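Chemist: Next comes data.txt, compact mmCIF, C-alpha atoms:
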```txt
# COMPACT_ATOMS: atom_id res chain seq x y z
CA ASP A 1 13.09 -0.18 -1.24
CA ALA A 2 11.99 0.10 2.37
CA GLY A 3 13.03 3.14 4.32
CA ILE A 4 11.93 6.63 5.17
CA THR A 5 10.55 8.85 2.45
CA GLN A 6 9.63 12.51 2.43
CA SER A 7 7.41 14.37 0.02
CA PRO A 8 7.47 16.66 -1.73
CA ARG A 9 11.20 17.04 -2.39
CA TYR A 10 10.77 20.72 -3.22
CA LYS A 11 7.94 23.09 -2.38
CA ILE A 12 7.35 26.76 -3.07
CA THR A 13 4.47 28.48 -1.32
CA GLU A 14 3.31 31.93 -0.36
CA THR A 15 3.14 33.63 3.00
CA GLY A 16 -0.03 32.75 4.86
CA ARG A 17 -0.76 29.49 3.07
CA GLN A 18 -1.06 26.16 4.80
CA VAL A 19 1.55 23.60 3.82
CA THR A 20 1.87 19.96 4.81
CA LEU A 21 5.11 18.02 4.52
CA MET A 22 4.76 14.27 4.47
CA CYS A 23 6.94 11.63 6.07
CA HIS A 24 6.48 7.87 5.74
CA GLN A 25 8.59 5.05 7.16
CA THR A 26 8.29 1.34 6.49
CA TRP A 27 10.14 -0.06 9.52
CA SER A 28 7.33 0.39 12.08
CA HIS A 29 9.71 2.44 14.20
CA SER A 30 8.10 3.86 17.31
CA TYR A 31 9.90 7.21 17.29
CA MET A 32 9.71 9.83 14.59
CA PHE A 33 11.23 13.31 14.46
CA TRP A 34 11.05 16.50 12.44
CA TYR A 35 14.10 18.74 12.10
CA ARG A 36 14.70 21.91 10.17
CA GLN A 37 18.11 22.92 8.86
CA ASP A 38 19.15 26.51 8.29
CA LEU A 39 22.49 28.05 7.51
CA GLY A 40 24.15 29.12 10.73
CA HIS A 41 21.85 27.07 12.93
CA GLY A 42 22.49 23.49 11.95
CA LEU A 43 19.64 21.03 12.53
CA ARG A 44 17.01 21.96 15.08
CA LEU A 45 14.31 19.67 16.42
CA ILE A 46 10.75 20.83 15.78
CA TYR A 47 8.59 17.98 17.08
CA TYR A 48 8.94 14.33 17.89
CA SER A 49 6.61 11.44 18.45
CA ALA A 50 7.03 8.39 20.66
CA ALA A 51 4.15 6.41 19.13
CA ALA A 52 0.87 6.90 17.34
CA ASP A 53 -1.11 9.71 18.98
CA ILE A 54 1.85 10.73 21.18
CA THR A 55 3.72 13.86 20.16
CA ASP A 56 5.88 16.40 21.95
CA LYS A 57 7.59 19.69 21.25
CA GLY A 58 11.24 20.07 20.39
CA GLU A 59 13.39 23.19 20.32
CA VAL A 60 11.47 25.23 17.73
CA PRO A 61 7.80 24.13 17.62
CA ASP A 62 6.12 27.52 17.11
CA GLY A 63 4.17 27.77 13.86
CA TYR A 64 4.09 24.02 13.30
CA VAL A 65 1.54 21.31 13.93
CA VAL A 66 2.08 17.56 13.82
CA SER A 67 -0.12 14.52 14.00
CA ARG A 68 0.50 10.80 14.13
CA SER A 69 -2.63 8.78 13.57
CA LYS A 70 -0.64 5.84 12.14
CA THR A 71 2.77 4.59 13.21
CA GLU A 72 4.24 4.90 9.73
CA ASN A 73 3.20 8.49 8.98
CA PHE A 74 4.23 11.73 10.66
CA PRO A 75 3.08 14.80 8.69
CA LEU A 76 4.26 18.29 9.54
CA THR A 77 1.89 21.19 8.87
CA LEU A 78 2.71 24.86 8.66
CA GLU A 79 -0.69 26.37 9.39
CA SER A 80 0.16 29.84 8.06
CA ALA A 81 3.56 29.82 6.41
CA THR A 82 5.99 32.67 7.07
CA ARG A 83 9.23 33.56 5.30
CA SER A 84 11.19 32.56 8.38
CA GLN A 85 10.00 29.01 7.79
CA THR A 86 11.95 28.80 4.55
CA SER A 87 14.27 25.91 5.31
CA VAL A 88 15.18 22.32 4.58
CA TYR A 89 13.06 19.93 6.60
CA PHE A 90 14.21 16.45 7.57
CA CYS A 91 12.16 13.65 8.97
CA ALA A 92 13.78 10.83 10.93
CA SER A 93 12.78 7.65 12.73
CA SER A 94 14.25 5.26 15.27
CA GLU A 95 13.12 2.11 16.98
CA ARG A 96 13.72 3.53 20.44
CA GLN A 97 14.53 7.03 21.60
CA TYR A 98 17.83 6.56 23.35
CA ASN A 99 20.97 4.70 22.39
CA GLU A 100 19.47 4.07 19.00
CA LYS A 101 20.46 5.37 15.62
CA LEU A 102 18.19 7.65 13.69
CA PHE A 103 17.39 7.13 10.04
CA PHE A 104 16.83 10.33 8.11
CA GLY A 105 14.87 11.06 4.98
CA SER A 106 16.29 13.00 2.04
CA GLY A 107 14.61 16.22 3.08
CA THR A 108 12.08 18.71 1.76
CA GLN A 109 13.35 22.07 0.61
CA LEU A 110 10.62 24.61 1.37
CA SER A 111 10.60 28.19 0.12
CA VAL A 112 8.04 30.63 1.45
CA LEU A 113 7.73 33.73 -0.74
CA ASP B 114 21.90 20.14 27.42
CA ALA B 115 25.45 18.91 27.29
CA LYS B 116 27.41 20.63 24.54
CA THR B 117 30.10 19.54 22.13
CA THR B 118 32.87 21.52 20.48
CA GLN B 119 34.27 20.59 17.09
CA PRO B 120 36.57 22.35 14.64
CA ASN B 121 34.67 24.10 11.89
CA SER B 122 36.59 22.41 9.10
CA MET B 123 39.33 19.89 8.37
CA GLU B 124 41.14 18.70 5.28
CA SER B 125 42.43 15.27 4.42
CA ASN B 126 44.09 13.50 1.55
CA GLU B 127 42.43 10.56 -0.10
CA GLU B 128 43.39 7.14 1.30
CA GLU B 129 44.92 8.66 4.44
CA PRO B 130 43.47 8.31 7.96
CA VAL B 131 41.40 11.16 9.37
CA HIS B 132 40.98 11.97 13.04
CA LEU B 133 37.99 14.17 13.81
CA PRO B 134 38.09 15.54 17.37
CA CYS B 135 35.20 16.42 19.65
CA ASN B 136 35.31 18.00 23.10
CA HIS B 137 32.47 17.44 25.53
CA SER B 138 33.79 18.54 28.90
CA THR B 139 30.32 18.69 30.54
CA ILE B 140 29.31 15.18 29.56
CA SER B 141 27.25 13.33 32.14
CA GLY B 142 27.53 9.70 33.10
CA THR B 143 24.42 8.76 31.14
CA ASP B 144 25.34 10.51 27.89
CA TYR B 145 26.17 8.41 24.88
CA ILE B 146 28.47 9.93 22.25
CA HIS B 147 26.96 9.72 18.77
CA TRP B 148 28.45 10.65 15.42
CA TYR B 149 26.47 11.42 12.31
CA ARG B 150 27.55 12.76 8.97
CA GLN B 151 25.74 14.67 6.28
CA LEU B 152 26.74 14.48 2.66
CA PRO B 153 25.82 17.39 0.40
CA SER B 154 22.09 17.60 -0.33
CA GLN B 155 21.30 14.55 1.82
CA GLY B 156 19.92 13.86 5.26
CA PRO B 157 22.26 13.01 8.13
CA GLU B 158 23.56 9.45 8.28
CA TYR B 159 24.46 7.51 11.40
CA VAL B 160 28.16 6.69 11.72
CA ILE B 161 28.86 5.28 15.17
CA HIS B 162 28.16 5.69 18.86
CA GLY B 163 29.64 4.65 22.18
CA LEU B 164 29.55 5.15 25.94
CA THR B 165 32.94 4.43 27.50
CA SER B 166 34.84 1.89 25.44
CA ASN B 167 36.30 2.41 22.00
CA VAL B 168 33.99 1.20 19.25
CA ASN B 169 34.58 -0.04 15.72
CA ASN B 170 32.26 -0.65 12.81
CA ARG B 171 32.60 -0.92 9.07
CA MET B 172 32.47 2.85 8.63
CA ALA B 173 34.73 4.16 11.35
CA SER B 174 36.23 3.84 14.82
CA LEU B 175 35.37 5.88 17.87
CA ALA B 176 38.07 6.53 20.45
CA ILE B 177 36.77 7.83 23.78
CA ALA B 178 39.07 9.45 26.32
CA GLU B 179 39.29 7.79 29.71
CA ASP B 180 37.62 10.77 31.41
CA ARG B 181 35.05 10.88 28.58
CA LYS B 182 35.56 14.61 28.12
CA SER B 183 36.66 14.16 24.55
CA SER B 184 36.40 11.67 21.72
CA THR B 185 37.80 11.16 18.25
CA LEU B 186 36.13 9.76 15.17
CA ILE B 187 38.64 7.89 13.04
CA LEU B 188 38.16 7.23 9.35
CA HIS B 189 40.88 4.75 8.53
CA ARG B 190 41.21 5.51 4.83
CA ALA B 191 39.42 8.61 3.64
CA THR B 192 37.71 8.47 0.27
CA LEU B 193 36.18 11.27 -1.75
CA ARG B 194 32.79 9.98 -0.66
CA ASP B 195 33.69 10.77 2.96
CA ALA B 196 33.60 14.51 2.28
CA ALA B 197 30.75 15.64 4.51
CA VAL B 198 29.83 17.53 7.65
CA TYR B 199 30.46 15.36 10.71
CA TYR B 200 28.40 15.93 13.84
CA CYS B 201 29.39 14.84 17.34
CA ILE B 202 26.30 14.64 19.56
CA LEU B 203 25.62 13.69 23.16
CA ARG B 204 22.47 11.74 23.79
CA ASP B 205 21.07 10.95 27.22
CA TYR B 206 20.63 7.24 27.92
CA TYR B 207 17.35 7.77 29.74
CA GLY B 208 15.62 9.42 26.84
CA GLY B 209 12.97 12.00 27.46
CA SER B 210 13.71 15.38 25.97
CA GLN B 211 17.37 14.84 26.78
CA GLY B 212 17.34 11.72 24.66
CA ASN B 213 16.75 13.70 21.51
CA LEU B 214 19.60 14.40 19.16
CA ILE B 215 20.70 18.02 19.42
CA PHE B 216 22.94 18.85 16.47
CA GLY B 217 25.70 21.46 16.63
CA LYS B 218 27.41 22.90 13.58
CA GLY B 219 29.76 19.99 13.04
CA THR B 220 33.07 19.71 11.21
CA LYS B 221 33.16 20.06 7.46
CA LEU B 222 35.61 17.50 6.13
CA SER B 223 37.18 18.04 2.72
CA VAL B 224 39.01 15.18 1.03
CA LYS B 225 41.60 15.95 -1.62
CA PRO B 226 42.40 13.43 -4.37
```
I'd like the structure from this file rewritten - as structure tokens, please.
Modeler:
Amino acid sequence: DAGITQSPRYKITETGRQVTLMCHQTWSHSYMFWYRQDLGHGLRLIYYSAAADITDKGEVPDGYVVSRSKTENFPLTLESATRSQTSVYFCASSERQYNEKLFFGSGTQLSVL
Amino acid sequence: DAKTTQPNSMESNEEEPVHLPCNHSTISGTDYIHWYRQLPSQGPEYVIHGLTSNVNNRMASLAIAEDRKSSTLILHRATLRDAAVYYCILRDYYGGSQGNLIFGKGTKLSVKP
């Protein structure tokens, strides 16, 4: 079924390791987003992308790197994972940025030990 | 960023209407009002959005106050599946960083059989 998929669904890693979370959408949406969700903070925007090779920071970008070489993929990399990055990560996409609904993936639950 | 205020939690009985309030007293003229919901262990899901006029779709209705400083999401007949956290979000029409969805803590809706 077409849509937006995230992988892996669950990930456990250790402090200092590099981790990449994958996001793939089949609609050819221009905009893609990464959010993290923590208890007490709700969802916070990490990075977003307006098109291939165009990315910009959100509210909490420190410690994360993104790339968008193809429209359909928007991976999120934690270059050196820290315990504070333990969270649930959601990817989303939309056709346009404003006045347009976002479609979210099912999330990746990341634990950094 | 414009902010919204929602009750932390609400309860409803199954098959009864539910009115979820949202205050946004600092809304600007170019802000759309968006509602999303998040079921347990899932990503957020778009519900409805509007600018000035009341809006209806198959999921819900959105009633917007004349001064636009508040709005109400109406679920006409709550089902157990409607138990979720509901987010009221302002989103700038012109996009840019203000066009990104900024989630608050939302209202946790419980539905009793």
Chemist: Counting all atoms listed in the file, which residues of chain A come no farther than 12 Å from chain B, as a ChimeraX atom specification?
Modeler: /A:4-6,9,31-50,55-60,88-94,96-109
Chemist: Would you export the selected residues with C-alpha atoms as a short mmCIF file (atom, residue, chain, number, x, y, z; two decimals), in the frame of the given file, please?
Modeler:
```cif
data_model
loop_
_atom_site.label_atom_id
_atom_site.label_comp_id
_atom_site.auth_asym_id
_atom_site.auth_seq_id
_atom_site.Cartn_x
_atom_site.Cartn_y
_atom_site.Cartn_z
CA ILE A 4 11.93 6.63 5.17
CA THR A 5 10.55 8.85 2.45
CA GLN A 6 9.63 12.51 2.43
CA ARG A 9 11.20 17.04 -2.39
CA TYR A 31 9.90 7.21 17.29
CA MET A 32 9.71 9.83 14.59
CA PHE A 33 11.23 13.31 14.46
CA TRP A 34 11.05 16.50 12.44
CA TYR A 35 14.10 18.74 12.10
CA ARG A 36 14.70 21.91 10.17
CA GLN A 37 18.11 22.92 8.86
CA ASP A 38 19.15 26.51 8.29
CA LEU A 39 22.49 28.05 7.51
CA GLY A 40 24.15 29.12 10.73
CA HIS A 41 21.85 27.07 12.93
CA GLY A 42 22.49 23.49 11.95
CA LEU A 43 19.64 21.03 12.53
CA ARG A 44 17.01 21.96 15.08
CA LEU A 45 14.31 19.67 16.42
CA ILE A 46 10.75 20.83 15.78
CA TYR A 47 8.59 17.98 17.08
CA TYR A 48 8.94 14.33 17.89
CA SER A 49 6.61 11.44 18.45
CA ALA A 50 7.03 8.39 20.66
CA THR A 55 3.72 13.86 20.16
CA ASP A 56 5.88 16.40 21.95
CA LYS A 57 7.59 19.69 21.25
CA GLY A 58 11.24 20.07 20.39
CA GLU A 59 13.39 23.19 20.32
CA VAL A 60 11.47 25.23 17.73
CA VAL A 88 15.18 22.32 4.58
CA TYR A 89 13.06 19.93 6.60
CA PHE A 90 14.21 16.45 7.57
CA CYS A 91 12.16 13.65 8.97
CA ALA A 92 13.78 10.83 10.93
CA SER A 93 12.78 7.65 12.73
CA SER A 94 14.25 5.26 15.27
CA ARG A 96 13.72 3.53 20.44
CA GLN A 97 14.53 7.03 21.60
CA TYR A 98 17.83 6.56 23.35
CA ASN A 99 20.97 4.70 22.39
CA GLU A 100 19.47 4.07 19.00
CA LYS A 101 20.46 5.37 15.62
CA LEU A 102 18.19 7.65 13.69
CA PHE A 103 17.39 7.13 10.04
CA PHE A 104 16.83 10.33 8.11
CA GLY A 105 14.87 11.06 4.98
CA SER A 106 16.29 13.00 2.04
CA GLY A 107 14.61 16.22 3.08
CA THR A 108 12.08 18.71 1.76
CA GLN A 109 13.35 22.07 0.61
#
```
Chemist: Hey, can you check how far atom CA of A:His24 sits from atom CA of A:Glu72?
Modeler: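 Straight-line distance from atom CA of A:His24 to atom CA of A:Glu72 works out to 5.5 Å.
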Chemist: With distances taken over only C-alpha atoms, which residue among A:Lys11, A:Arg68, A:His29, A:Arg17 lies nearest A:Thr82?
Modeler: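 Of all the options, A:Arg17 lies closest to A:Thr82.
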Chemist: Which neighbours of B:Ser184 fall inside 10 Å, counting all atoms listed in the file, when residues of the same chain fewer than 5 positions from it are skipped, and could you give them as a list in words?
Modeler: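 Here the qualifying residues turn out to be His132, Leu133, Pro134, Cys135, Asn136, His137, Ile146, Gly163, Thr165, Asn167, Leu175, Ala176, Ile177, Ala178, Glu179 and Cys201 of chain B.
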Chemist: Between atom CA of A:Tyr64 and atom CA of A:Gly16, what is the distance in Å, rounded to a tenth?
Modeler: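 Between these atoms lies a distance of 12.8 Å.
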Chemist: Quick one: distance from atom CA of A:Ser84 to atom CA of A:Asp62 in Å, one decimal?
Modeler: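 Atom-to-atom, atom CA of A:Ser84 and atom CA of A:Asp62 are spaced 11.3 Å apart.
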Chemist: Nearest to A:Ser80: which of A:Ala52, A:Ser67, A:Gln18, A:Gln25 is it, counting only C-alpha atoms?
Modeler: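 That would be A:Gln18, the residue with the smallest distance to A:Ser80.
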Chemist: So which one's closest to A:Val112, A:Gly3, A:Asp53, A:Thr13, A:Ser87? Using only C-alpha atoms, please.
Modeler: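 Among A:Gly3, A:Asp53, A:Thr13, A:Ser87, it is A:Thr13 that comes nearest to A:Val112.
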Chemist: Generate a file for stretch 61-83 of chain A, containing N, CA, C and O atoms, as a compact mmCIF listing (two decimals), in the first residue's frame.
Modeler:
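What follows is the written file selection.txt:
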```txt
# COMPACT_ATOMS: atom_id res chain seq x y z
N PRO A 61 17.41 20.99 16.14
CA PRO A 61 18.24 20.30 15.16
C PRO A 61 19.58 19.77 15.68
O PRO A 61 20.22 18.95 15.01
N ASP A 62 20.01 20.24 16.86
CA ASP A 62 21.36 19.91 17.33
C ASP A 62 21.52 18.41 17.52
O ASP A 62 20.72 17.75 18.18
N GLY A 63 22.62 17.88 16.97
CA GLY A 63 22.92 16.46 17.12
C GLY A 63 22.37 15.60 16.00
O GLY A 63 22.56 14.38 16.00
N TYR A 64 21.67 16.22 15.06
CA TYR A 64 21.05 15.50 13.95
C TYR A 64 21.55 16.03 12.61
O TYR A 64 21.88 17.19 12.48
N VAL A 65 21.57 15.11 11.64
CA VAL A 65 21.92 15.47 10.28
C VAL A 65 20.88 14.84 9.35
O VAL A 65 20.45 13.71 9.57
N VAL A 66 20.48 15.59 8.33
CA VAL A 66 19.55 15.05 7.35
C VAL A 66 20.13 15.22 5.95
O VAL A 66 21.01 16.03 5.72
N SER A 67 19.58 14.46 5.05
CA SER A 67 19.92 14.59 3.64
C SER A 67 18.69 14.25 2.83
O SER A 67 17.78 13.58 3.32
N ARG A 68 18.66 14.74 1.60
CA ARG A 68 17.52 14.42 0.73
C ARG A 68 18.00 14.41 -0.70
O ARG A 68 17.79 15.36 -1.45
N SER A 69 18.63 13.33 -1.08
CA SER A 69 19.14 13.21 -2.44
C SER A 69 18.03 12.81 -3.42
O SER A 69 18.10 13.12 -4.61
N LYS A 70 16.99 12.14 -2.92
CA LYS A 70 15.84 11.78 -3.74
C LYS A 70 14.57 12.28 -3.07
O LYS A 70 14.48 12.30 -1.84
N THR A 71 13.60 12.65 -3.86
CA THR A 71 12.36 13.20 -3.33
C THR A 71 11.70 12.26 -2.33
O THR A 71 11.16 12.70 -1.31
N GLU A 72 11.76 10.97 -2.57
CA GLU A 72 10.99 10.03 -1.77
C GLU A 72 11.66 9.63 -0.45
O GLU A 72 11.01 9.03 0.40
N ASN A 73 12.93 9.95 -0.27
CA ASN A 73 13.64 9.51 0.92
C ASN A 73 14.16 10.69 1.73
O ASN A 73 14.67 11.67 1.17
N PHE A 74 14.06 10.56 3.05
CA PHE A 74 14.52 11.64 3.93
C PHE A 74 15.10 11.01 5.19
O PHE A 74 14.48 10.98 6.24
N PRO A 75 16.33 10.50 5.13
CA PRO A 75 16.92 9.86 6.31
C PRO A 75 17.38 10.86 7.35
O PRO A 75 17.81 11.97 7.03
N LEU A 76 17.29 10.44 8.59
CA LEU A 76 17.73 11.23 9.74
C LEU A 76 18.87 10.49 10.41
O LEU A 76 18.72 9.33 10.78
N THR A 77 20.01 11.16 10.57
CA THR A 77 21.18 10.53 11.17
C THR A 77 21.55 11.19 12.48
O THR A 77 21.63 12.42 12.56
N LEU A 78 21.76 10.37 13.49
CA LEU A 78 22.32 10.82 14.75
C LEU A 78 23.79 10.47 14.66
O LEU A 78 24.17 9.29 14.65
N GLU A 79 24.64 11.47 14.54
CA GLU A 79 26.05 11.20 14.26
C GLU A 79 26.76 10.54 15.45
O GLU A 79 27.61 9.68 15.28
N SER A 80 26.42 10.94 16.65
CA SER A 80 26.98 10.37 17.86
C SER A 80 25.87 10.38 18.91
O SER A 80 25.68 11.37 19.60
N ALA A 81 25.15 9.28 18.98
CA ALA A 81 23.92 9.24 19.78
C ALA A 81 24.19 9.53 21.26
O ALA A 81 25.20 9.09 21.84
N THR A 82 23.28 10.26 21.86
CA THR A 82 23.33 10.54 23.30
C THR A 82 22.02 10.07 23.94
O THR A 82 21.01 9.88 23.26
N ARG A 83 22.05 9.87 25.24
CA ARG A 83 20.86 9.37 25.94
C ARG A 83 19.68 10.32 25.81
O ARG A 83 18.53 9.90 25.79
```
